[in-house]
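Q: Okay, here's the structure, questions in a sec.
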Amino acid sequence: MSMQTGYASSTSELQSYAPAATDAGVAAPAPRREIARSRPVTAPRDARTEPGPVRFIIIALAIAFLSIFVVLPLVVVFASAFSKGISAYIAALAEPEALAAIRLTLLIAAISVTLNLVFGVIAAWAISKFDFTGKTFLITLIDLPFSVSPVISGLVFVLLFGAQGYFGPWLQAHNVHILFAVPGIALATIFVTFPFVARALIPLMQEQGTQEEEAAISLGASGLQTFFRVTLPNIKWGLLYGVLLCNARAMGEFGAVSVVSGHIRGETNTMPLLVEILYNEYQFVASFAIASLLAMLALITLIVKTILERRLDEGQLPNGD
Amino acid sequence: MGLTLTWLSVIILIPLAGLFLKTFDLSLEQFWGIVTSRRTLNALRISFGLSFAAACVNLVMGTIIVWALVRYRFPGRRLFDAIVDVPFALPTAVAGVALTQLFATKGWLGAPLAELGIKVAFTPIGIFIAMVFIGIPFVVRTVQPVLIDLDPEIEEAAASLGANRWHTVFRVILPSLIPALLTGFALAFARAIGEYGSVIFIAGNLPNVSEIAPLLIVIRLSEFRYADATAIAVVMLVASFLIIFLINRLQRWAQARIPVH
Amino acid sequence: MLRRILPLVAGLLWASSALAADATLLNVSYDPTRELYADFNKAFAAAYQKETGKSVEIKQSHNGSGASSRSVIDGLQADVVTLALAYDIDAIANKGLLAKDWQKRLPLNASPYTSTIVFLVRKGNPKGIKDWDDLIKPGVQVITPNPKTSGGARWNYLAAWGFAEKKYGSADKAKKFVGDLYQNVPVLDTGARGSTVTFVERGVGDVLLAWENEAFLAQREFGKDKFEIVSPPLSILAEPPVAVVDTVADKKGTRAVAEAYLKYWYTREGQEIAARNSYRPRDPEIAKEYEKSFAKVELFTIDDVFGGWTKAQKDHFAEGGIFDQIYKN
């Protein structure tokens with residue numbers, strides 16, 4: 001089928017960050033309507049689209065808006081990062097503080113993505129394959145970090161684990177450091193990235209239903225076998241998609257981490273925090289150099305995401321029902 | 001199952017419960033006093049008001065963008081489709097420094113605007129710009145699938161019944177997009193209210209003028225006024241709950257309206 | 001290509017962490033000392049290595065002095081604190097983290113360098129600001145941080161108060177003066193560095209009340225053609241103190257190196273570093289050497305005018321204190 005009309009779009013219907021995508025009805029890609037397209041248009045041609053000037057204005061507006069608000073900020077990051085030449089750029093990134101921040105960011109991302117991966121799969125599995133009371137409440141809880149201010153996400157951990165907090169005295173007595181150390185930063189990051197994996201999987205798993213698993217079990221497979229042989233292959237692209245977005249957010253989180261970090265240079269400063277610190281120290285090139293790494297991460301994330309979405313589309317269309 | 005609940009409790013439920021528990025340290029009058037103090041009220045007003053304005057811009061521009069992306073073909077369409085998600089993927093601190101650089105009086109956009117007498121960076125307009133930036137993907141990405149799935153036969157029917165294009169768009173197409181539009185609007189709104197990283201760089205952070213509620217929480221926290229920080233946080237948290245609730249309702253409504261294929 | 005680069009990058013990233021020092025100190029400090037301690041730490045690490053053969057790595061955390069103090073109270077594992085004023089260390093001592101007589105453990109009130117409060121104005125001094133009086137004129141915007149979180153802000157406040165009390169003769173009039181002054185303050189950042197950024201970068205305000213060293217730094221960074229320093233005839237002697245946090249240092253076994261670290265301030269080299277970074281050195285010889293770098297200002301102390309930090313803090317900055325009365329929001 002050729003895509004002669006303007007109706008085709010490469011975009012996936014998967015909206016993992018939109019709590020709205022809860023329901024399979026929205027998330028499930030509908031089969032494309034080939035009938036309508038392959039048939040000669042019955043109505044007068046101009047009744048199905050807008051007049052030329054209107055089309056032009058709409059396209060121009062869309063392009064202008066996206067260019068100003070999205071493209072220009074990205075360009076500014078790289079232009080500022082390289083404003084003093086490539087050697088200044090490399091020197092800024094080779095600073096021990098910068099390296100330590102990169103290391104910490106990678107570590108935090110590894111911890112939080114792994115944990116959210118495991119529990120996201122379990123949570124999505126529980127929600128989509130079983131019926132139980134309080135399910136809606138559970139979904140709301142999973143969604144909550146999306147709309148809670150990152151600052152509050154950090155604050156709650158200060159209230160819990162600060163030396164003056166609920167568990168603080170006990171932790172101090174046992175010499176356990178959570179706040180102002182890696183565990184605190186990891187916890188805050190896990191909190192804000194909690195929904196991503198589960199959210200990417202729930203619609204997918206709901207749509208696939210339980211028949212295949214039931215068949216496997218009736219054939220004598222154990223629960224774990226069923227999961228690894230039947231469920232996992234079915235959700236692998238969705239899973240990757242969730243992990244990807246989770247990772248992007250984990251590496252880029254600022255507000256929550258800022259509240260719990262303690263800002264120890266070379267130790268508890270993540271890359272986004274270092275961007276702010278360097279910016280406040282008038283080291284603009286260094287600040288934008290770190291920022292450019294994070295921007296690159298965002299761009300790579302989007303490229304991989306586009307590829308994954310295409311996979312998801314392809315993987316699902318033949319499934320139909 | 002038990003594992004899920006335990007994990008969920010440890011990561012989300014207990015911390016949030018701790019927040020609410022902390023407010024019980026305060027008497028009702030104290031709580032009310034904090035929440036209705038001039039500075040708190042102004043911060044909340046700035047956060048909610050500007051978020052609302054930004055979400056409105058996102059609603060209009062998001063609709064235009066999604067229409068262009070779905071209905072028209074133009075060079076670079078796929079690229080623009082992909083970059084709609086940049087504000088979502090870009091770390092907020094990076095967005096903050098980039099927008100500040102861009103809109104500062106010496107910046108690429110700030111300089112020409114300054115000529116016109118418009119100061120963006122370090123004013124409430126700056127906050128508004130940052131909020132528009134982070135809200136872009138939400139309306140586009142919630143409306144896009146619905147617009148793609150819209151049955152073209154309805155439009156054809158409308159046209160063959162003699163409706164002109166204007167009528168078809170506003171009477172037939174837009175009404176069926178309303179639930180998705182509202183959902184996108186609510187998501188952009190919710191995100192903007194809580195936003196911190198991208199806003200604090202470009203905002204002037206003047207109390208009562210350009211100080212957002214999340215920043216006030218951070219300030220109270222560093223003043224060691226935990227009770228104040230907590231009280232403001234609770235107000236914002238309740239607002240988040242309400243918005244999520246609303247979004248879920250909208251979603252039900254959408255499903256009831258649009259017949260499943 | 002990628003296969004060759006990746007291990008290289010990974011190697012680079014992890015190599016730097018492999019070089020663990022024999023001892024690590026965490027110095028929790030206040031905002032404007034970032035550059036000072038970058039210099040000082042380097043010098044101390046070299047001197048320590050030379051003397052003991054051991055390597056030491058010093059980590060820094062900077063924030064508003066009050067905010068830093070609260071982080072330490074909240075559990076930030078600082079071996080040493082180098083804050084803007086004695087009260088912020090007292091607050092930590094009150095929680096039992098270090099001995100209450102900490103200020104007697106090192107010479108000169110445990111303040112190895114001093115500073116004062118000056119005005120940073122825009123080129124040409126368009127509002128003609130010369131003395132504290134000029135700050136309360138209508139239409140003058142004054143930038144100073146939040147005294148609740150920033151140490152520098154408290155010095156600013158007390159300097160203004162001390163001036164007014166001397167000039168107008170009573171505490172009531174001083175209160176009125178300071179109240180008028182804060183009427184002209186459009187923004188209270190949480191730390192001195194935040195205020196500098198507001199004034200210098202964001203272009204807000206006509207005059208920045210700043211640490212002398214911070215004013216010099218801003219001038220160095222942005223050029224003398226943009227900002228001028230105005231030293232008022234009368235100001236306060238700001239004594240930023242340093243101390244070892246006993247409980248942390250003992251738990252981590254870093255007491256010896258932490259004490260050596262702070263004592264290094266009192267050596268010739270330490271005093272030179274302070275002077276080079278525009279902090280006023282205590283050593284008379286070094287002070288003479290750098291005499292020309294600092295304006296002659298009549299300085300009063302906190303003990304003279306306010307009866308010490310504990311009292312000043314209680315009267316002015318505590319919950320419901322004078323600052324709360326004059327700045328309501």
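Ordering of the structure tokens sets the chain letters (A, B, ...), residue numbers begin anew at 1 in every chain, and ligands are numbered from 1 in the order given.
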Extract, using only C-alpha atoms, all DNA, RNA and protein residues at most 10 Å from C:Gln183, discarding same-chain residues fewer than 5 positions from it, and format them as a list in words.

A: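 Contacts, in chain order: Ile136, Pro138, Val140, Gln141, Val142, Phe177, Val178, Ile326 and Tyr327 of chain C.
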
Q: What does the file look like for those residues with N, CA and C atoms, as a CSV table (one decimal), in the first residue's frame?

A:
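Final output, out-v1.csv:
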```
chain,number,residue,atom,x,y,z
C,136,ILE,N,19.3,53.6,51.5
C,136,ILE,CA,17.8,53.6,51.8
C,136,ILE,C,17.1,54.7,51.0
C,138,PRO,N,15.1,56.3,48.1
C,138,PRO,CA,14.1,55.7,47.3
C,138,PRO,C,14.6,55.5,45.9
C,140,VAL,N,16.7,53.2,44.9
C,140,VAL,CA,17.9,52.4,44.9
C,140,VAL,C,17.6,50.9,45.2
C,141,GLN,N,17.9,50.0,44.3
C,141,GLN,CA,17.7,48.6,44.5
C,141,GLN,C,18.9,48.0,45.1
C,142,VAL,N,18.8,47.3,46.3
C,142,VAL,CA,19.9,46.7,47.0
C,142,VAL,C,19.8,45.2,46.9
C,177,PHE,N,16.1,52.1,60.2
C,177,PHE,CA,17.1,52.2,59.1
C,177,PHE,C,17.1,50.9,58.3
C,178,VAL,N,17.3,49.8,59.1
C,178,VAL,CA,17.5,48.5,58.4
C,178,VAL,C,16.2,48.1,57.8
C,326,ILE,N,10.8,43.0,60.5
C,326,ILE,CA,10.9,44.1,59.4
C,326,ILE,C,10.7,43.5,58.0
C,327,TYR,N,10.8,42.2,57.9
C,327,TYR,CA,10.7,41.6,56.5
C,327,TYR,C,9.6,40.5,56.6
```

Q: I want to know what sits within 12 Å of C:Thr301, based on only C-alpha atoms, with residues of the same chain fewer than 2 positions away left out; could you give that as a list in words?

A: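 Listed by chain and then number, they are Thr114, Ser115, Thr116, Trp155, Leu158, Ala159, Gly162, Phe163, Leu234, Ser235, Ile236, Leu237, Ala238, Glu239, Glu298, Leu299, Asp303, Asp304, Val305, Phe306, Gly307, Gly308, Trp309 and Ala312 of chain C.
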
Q: Once you count only C-alpha atoms, what closest atom pair and distance in Å to one decimal does each residue of chain B within 7 Å of chain A have, with rows by chain and rising residue number, as CSV?

A:
```
residue,atom,partner,partner_atom,distance
B:Met1,CA,A:Ala126,CA,6.2
B:Thr4,CA,A:Ala123,CA,5.6
B:Ile11,CA,A:Phe191,CA,6.0
B:Ile12,CA,A:Phe191,CA,6.6
B:Pro15,CA,A:Val156,CA,5.3
B:Leu16,CA,A:Val156,CA,6.4
B:Gly18,CA,A:Leu160,CA,6.7
B:Leu19,CA,A:Val156,CA,5.8
B:Ile64,CA,A:Ile58,CA,6.2
B:Ile65,CA,A:Ala62,CA,4.7
B:Ala68,CA,A:Ile59,CA,5.4
B:Val70,CA,A:Tyr7,CA,5.9
B:Arg71,CA,A:Gly6,CA,4.9
B:Tyr72,CA,A:Gly6,CA,5.0
B:Arg73,CA,A:Gly6,CA,5.8
B:Ala82,CA,A:Leu302,CA,7.0
B:Val86,CA,A:Val70,CA,6.8
B:Ala89,CA,A:Ala298,CA,5.0
B:Leu90,CA,A:Ala298,CA,5.2
B:Pro91,CA,A:Gly252,CA,4.2
B:Thr92,CA,A:Phe254,CA,6.6
B:Ala93,CA,A:Pro272,CA,5.7
B:Val94,CA,A:Ala291,CA,5.3
B:Ala98,CA,A:Pro73,CA,5.2
B:Leu99,CA,A:Pro73,CA,5.9
B:Leu102,CA,A:Pro73,CA,6.7
B:Phe133,CA,A:Phe69,CA,6.0
B:Arg141,CA,A:Gln15,CA,6.8
B:Pro145,CA,A:Glu13,CA,5.3
B:Ile148,CA,A:Tyr7,CA,6.7
B:Asp149,CA,A:Ala30,CA,6.6
B:Glu155,CA,A:Arg48,CA,6.9
B:Glu156,CA,A:Ala43,CA,6.0
B:Ala159,CA,A:Ala47,CA,5.7
B:Ser160,CA,A:Ala43,CA,5.6
B:Asn164,CA,A:Ala47,CA,6.5
B:Arg165,CA,A:Ala47,CA,5.4
B:Thr183,CA,A:Ala20,CA,6.9
B:Ala190,CA,A:Ser147,CA,5.6
B:Arg191,CA,A:Ser147,CA,5.9
B:Gly194,CA,A:Ser149,CA,3.8
B:Glu195,CA,A:Ser149,CA,6.2
B:Tyr196,CA,A:Gly255,CA,6.0
B:Gly197,CA,A:Gly255,CA,5.7
B:Pro214,CA,A:Val151,CA,6.1
B:Ala233,CA,A:Ile152,CA,6.1
B:Leu237,CA,A:Val148,CA,6.3
B:Ser240,CA,A:Ser147,CA,5.7
B:Ile247,CA,A:Ala20,CA,6.6
B:Asn248,CA,A:Ala20,CA,6.7
B:Gln251,CA,A:Ala20,CA,6.3
B:Val260,CA,A:Gly25,CA,6.9
```

Q: Would you mind listing, as a list in words, all residues of chain C that have at least one atom within 6 Å of chain B, where only C-alpha atoms are what counts?

A: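 Per the criterion, chain C yields Ala67, Lys148, Thr149, Val187 and Asn329 of chain C.
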
Q: Could you save those same residues with N, CA and C atoms as a PDB file, in the first residue's frame?

A:
```pdb
ATOM      1  N   ALA C  67      22.529  27.235  55.429  1.00  0.00           N
ATOM      2  CA  ALA C  67      22.079  26.014  54.772  1.00  0.00           C
ATOM      3  C   ALA C  67      23.119  24.910  54.951  1.00  0.00           C
ATOM      4  N   LYS C 148      18.427  34.349  56.733  1.00  0.00           N
ATOM      5  CA  LYS C 148      18.058  33.077  57.361  1.00  0.00           C
ATOM      6  C   LYS C 148      18.940  31.940  56.859  1.00  0.00           C
ATOM      7  N   THR C 149      19.447  32.070  55.648  1.00  0.00           N
ATOM      8  CA  THR C 149      20.233  30.979  55.087  1.00  0.00           C
ATOM      9  C   THR C 149      21.688  31.358  54.848  1.00  0.00           C
ATOM     10  N   VAL C 187      15.043  41.026  45.996  1.00  0.00           N
ATOM     11  CA  VAL C 187      15.195  39.575  45.974  1.00  0.00           C
ATOM     12  C   VAL C 187      16.159  39.128  47.056  1.00  0.00           C
ATOM     13  N   ASN C 329       7.295  38.133  55.102  1.00  0.00           N
ATOM     14  CA  ASN C 329       6.633  37.289  54.100  1.00  0.00           C
ATOM     15  C   ASN C 329       7.203  35.900  54.118  1.00  0.00           C
TER      16      ASN C 329
END
```

Q: Name the residues in contact with B:Arg249 at a cut-off of 12 Å, using only C-alpha atoms, excluding same-chain residues fewer than 3 positions from it; report them as a count of residues only.

A: 20

Q: Might you pull out every residue within 10 Å of C:Asp246, with only C-alpha atoms counted and same-chain residues fewer than 4 positions away left off, and present them as an mmCIF file with C-alpha atoms, in the first residue's frame?

A:
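Generated file (selection_6.cif):
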```
data_model
loop_
_atom_site.group_PDB
_atom_site.id
_atom_site.type_symbol
_atom_site.label_atom_id
_atom_site.label_comp_id
_atom_site.auth_asym_id
_atom_site.auth_seq_id
_atom_site.Cartn_x
_atom_site.Cartn_y
_atom_site.Cartn_z
ATOM 1 C CA ALA C 78 31.743 16.951 57.332
ATOM 2 C CA ASP C 79 35.188 16.469 58.897
ATOM 3 C CA VAL C 80 35.693 20.199 59.022
ATOM 4 C CA ALA C 93 27.831 22.255 68.452
ATOM 5 C CA GLY C 96 26.433 17.720 70.122
ATOM 6 C CA LEU C 97 28.480 17.200 66.978
ATOM 7 C CA LEU C 98 31.483 19.119 68.284
ATOM 8 C CA ALA C 99 32.723 20.574 71.573
ATOM 9 C CA TRP C 102 35.438 24.914 69.617
ATOM 10 C CA ASP C 250 36.592 10.615 65.323
ATOM 11 C CA LYS C 251 34.274 8.176 63.630
ATOM 12 C CA LYS C 252 36.195 8.399 60.374
ATOM 13 C CA THR C 254 40.559 11.696 60.357
ATOM 14 C CA ARG C 255 41.123 13.937 63.348
ATOM 15 C CA ALA C 258 41.681 17.526 59.849
#
```

Q: For atom CA of C:Ala38 and atom CA of A:Gly162, determine how far apart the two atoms are, in Å to one decimal place.

A: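 The value is 28.4 Å.
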
Q: With only C-alpha atoms considered, list every residue of chain A at most 8 Å from chain C, as a list of chain:residue names.

A: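 Here is what falls inside 8 Å: A:Pro96, A:Leu99, A:Ala100, A:Ile102, A:Arg103, A:Gly162, A:Ala163, A:Gln164, A:Gln172, A:Leu179, A:Phe180, A:Gly262, A:His263, A:Ile264, A:Arg265, A:Gly266, A:Glu267, A:Asn280, A:Tyr282.
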
Q: Under the rule that only C-alpha atoms are counted, which of A:Thr270, A:Gln283, A:Pro195, A:Gly52 is the nearest residue to A:Leu106?

A: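 The shortest atom-to-atom distance to A:Leu106 comes from A:Thr270.
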
Q: My list of candidates is B:Ser176, B:Asn42, B:Thr230, B:Ser47. Which is closest to B:Met131 when distances are computed with only C-alpha atoms?

A: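 Going through B:Ser176, B:Asn42, B:Thr230, B:Ser47 one by one, the smallest distance to B:Met131 is for B:Ser47.
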
Q: At a cut-off of 6 Å, using only C-alpha atoms, what residues contact stretch 239-243 of chain A? Leave out same-chain residues fewer than 3 positions from it and give the result as an MDAnalysis selection string.

A: chainID A and resid 196:197 200 235:236 246:247

Q: Would you compute the distance between atom CA of B:Gly107 and atom CA of C:Asn213? Give it in Å to one decimal.

A: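 Here the two named atoms are 29.1 Å from each other.
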